[in-house]
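Student: The structure's right below; bear with me while I get my questions together.
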Amino acid sequence: MKIEACKVYNPTKIIFGSGALTSLIDEVGACTKQERVMLICGKNALRNSGYLGKVVKLLKGKKVYLFDKVEPNPEISLIEETVQYARRNKIEMIIALGGGSVIDSAKVVSLLADKRYSVEEALKKNNKIENKSLILFAIPTTAGTGSEVTKTSSIWNKSKAFKFTMMSDEMFPDVAIIDPLLTLSLGSYQTASTGLDALSHAMESFWSKKSSPLSRVFSETAIKLVFKNLNKAFKRPNDIKAREGMSLASLYAGLAISNTGTTVGHAISYYLTARFDIAHGLACALSLPHLIRYNRRYSGDNYKQFISILGFSNLNQYADKVERLIKKLQLPVRLKEYGVTEKDLPQIQQKSFTADNITNNWIKLNKKDLMTILKRML
C-alpha cells in the first residue's frame, strides 16, 4: 500500500492528567517578565467546585484581572468587550479557564490585545493578522471542543443566525493544561453535548479532504475513546476513569481537526445552534449517522479503515451505533424534536453552504444532496 505524504503542525505544549492543574504554578512562574495576568472564564466560573479559587492561588505573585462574563457561543460585542478590557489593563498574559467558548474568546484576545484592530476589522482582514505577543494558557473544563489545541475561534452573530471563524497559527495556545478532574462538575447535558462534539471532530476529521495517516491516528483513537467512555461518564459523573477517557478523546480529536479542519456536520450545525439553540456538539452529531451513510459513495483504503475502527463490516452498522449512542444520552435524534419544521430546511440548506468547511468532505455535496440529508435528519 502506498504511504501518503503528510504534514502535521501543532505548537501547543500539552500537559495532561488528573491533577495536572497544579503544573500551572511552574508554567506561569517560568514567565518572569509577565506580571499582569487576565483570567478569563464564564459567569459561573467553577466557583462551586472551588477550581476558580485554586487557579487564583496558583497565580500568587502575579497581578490577576478577572474577566468572568463569557457566555456560550459568544457574540462579537462580548469578544470586543473582552479585548478592550485587556487593552485597558495592559495585560501581559492570558489564562482561559472554561469550555470552548471561553478558550475561543481568549485566543482572540491573545491575538488582538496589543493591536488597534477591532474584532470586526480583524475578521475583515481575512485572518491575516500576525505576531501574537501575549502568552496564552488554555485550561479546559469540558471534554469535547479541543479548542485548547486548535488555531480557530468561533464568534457569533445570533441576530443574523451566523457564525464567523477567526483562524491563525498565532492563535494556538502556548500551553494547554488538561486536567480531567475539572470535568467532574459537568452536568449530564454538558457531558453529553460536549462529548458528542469530540465524536463529531474525530469523525469529520477522518473524512476530511485534508486528512493524513497521522491525523487519522488521532481520529481513530478519539472515536474509540468516545464509544468506550461517554455513556459511562454520562451515567456515572464521578467515574474518573471515564472522565479521563473523555478528556483524552477530546484532546486527540482536537489535534486531528487542528490539521484537517471540520466538514459538513459542522457546516450544518451553525444555523441549528444560532436559530434553534441546539448545543453545538449535539447540533453537529445529529447529522453524523446520515453523513456516515452518505460517505459510502467514497471508495478506497481510507473508507475501509473508517468502517473497521469499531469492528464493523459496513457503514449502516456504524451509523446505527452513533444513533444509539445519542439515544443512550437521552437526547432526541430528529430535528423535528427540536422545533425544526420542513419549512426551515431551505434556510438550513442555504446557511450551510455559506460555511467554507462544507467543501472539505470526501464526497462533494450539492444542494440536492444536502436537502436529502436534511430531510432524513428531520
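By order in the C-alpha cells, chains are A, B, ...; within a chain, residues start at 1; ligands start at 1, following the order shown.
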Got a sec: who's within 8 Å of Leu255 (chain A), counting only C-alpha atoms, leaving out chain neighbours fewer than 2 positions off, as a list in words?

Tutor: Asn10, Gly146, Val149, Thr150, Ser215, Phe218, Leu251, Tyr252, Ala253, Ile257, Ser258 and Asn259 of chain A

Student: Mind checking DSSP for region 23-217 of chain A and telling me the strand (DSSP E or B) residues as number ranges by chain?

Tutor: A: 36-42, 63-70, 75, 93-98, 135-140, 152-157, 162-167, 175-178, 208

Student: How about saving the chosen residues, C-alpha atoms kept, as a short mmCIF file (atom, residue, chain, number, x, y, z; two decimals), in the first residue's frame?

Tutor:
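Result file is result_34.cif:
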```
data_model
loop_
_atom_site.label_atom_id
_atom_site.label_comp_id
_atom_site.auth_asym_id
_atom_site.auth_seq_id
_atom_site.Cartn_x
_atom_site.Cartn_y
_atom_site.Cartn_z
CA ARG A 36 -0.35 41.36 34.61
CA VAL A 37 -2.49 38.25 34.10
CA MET A 38 -6.02 38.20 32.70
CA LEU A 39 -8.05 35.23 33.92
CA ILE A 40 -10.95 34.64 31.52
CA CYS A 41 -13.83 32.39 32.49
CA GLY A 42 -17.59 32.01 32.31
CA LYS A 63 -1.49 40.70 39.42
CA VAL A 64 -4.70 38.96 38.37
CA TYR A 65 -7.51 40.63 36.43
CA LEU A 66 -10.66 38.50 36.41
CA PHE A 67 -12.99 38.68 33.43
CA ASP A 68 -15.93 36.36 34.12
CA LYS A 69 -18.53 37.41 31.57
CA VAL A 70 -18.04 34.88 28.77
CA GLU A 75 -21.25 37.41 20.33
CA MET A 93 -0.58 37.04 29.89
CA ILE A 94 -3.93 35.30 29.48
CA ILE A 95 -5.29 32.24 31.23
CA ALA A 96 -8.51 30.75 29.87
CA LEU A 97 -10.38 28.56 32.36
CA GLY A 98 -13.55 27.10 30.90
CA ILE A 135 1.21 34.25 26.28
CA LEU A 136 -1.93 32.12 26.40
CA PHE A 137 -2.66 29.23 28.77
CA ALA A 138 -5.76 27.16 27.98
CA ILE A 139 -7.33 25.09 30.76
CA PRO A 140 -10.45 23.27 29.54
CA THR A 152 -9.60 28.76 15.40
CA SER A 153 -12.18 30.77 17.32
CA SER A 154 -15.92 30.83 16.78
CA ILE A 155 -17.60 34.23 17.00
CA TRP A 156 -21.36 34.55 16.72
CA ASN A 157 -23.95 36.98 15.48
CA PHE A 162 -24.46 33.44 11.61
CA LYS A 163 -21.10 32.22 12.89
CA PHE A 164 -17.75 33.76 11.98
CA THR A 165 -14.47 31.89 12.27
CA MET A 166 -11.19 33.59 13.07
CA MET A 167 -8.21 31.41 12.21
CA VAL A 175 0.28 25.82 26.88
CA ALA A 176 -2.74 23.53 27.30
CA ILE A 177 -3.27 22.08 30.77
CA ILE A 178 -5.85 19.30 30.56
CA SER A 208 -11.80 15.48 5.64
#
```

Student: For Gly99 (chain A), find every residue with an atom within 7 Å (counting only C-alpha atoms), except residues of its own chain fewer than 3 positions away, and show them as an MDAnalysis selection string.

Tutor: chainID A and resid 102:103 140:142

Student: Those residues with C-alpha atoms, as a PDB file, in the first residue's frame please?

Tutor:
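Writing the result to out16.pdb gives the following:
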```
ATOM      1  CA  VAL A 102     -14.016  30.757  26.976  1.00  0.00           C
ATOM      2  CA  ILE A 103     -10.905  29.423  25.253  1.00  0.00           C
ATOM      3  CA  PRO A 140     -10.454  23.270  29.538  1.00  0.00           C
ATOM      4  CA  THR A 141     -13.225  22.396  31.978  1.00  0.00           C
ATOM      5  CA  THR A 142     -15.236  20.378  29.454  1.00  0.00           C
TER       6      THR A 142
END
```

Student: Please identify all polymer residues within 9 Å of region 229-243 of chain A, counting only C-alpha atoms, omitting same-chain residues fewer than 6 positions from it, and present them as a list in words.

Tutor: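 Selected residues are Ser18, Ala143, Pro180, Leu181, Thr183, Leu184, Ser185, Leu186, Gly187, Ser188, Tyr189, Thr191, Ala192, Gly195, Leu196, Ala249, Leu325, Lys328 and Leu329 of chain A.
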
Student: What lies within 8 Å of region 303-310 of chain A using only C-alpha atoms, ignoring chain neighbours under 6 positions off, as a PyMOL selection string?

Tutor: chain A and resi 206+220+223-224+296+318
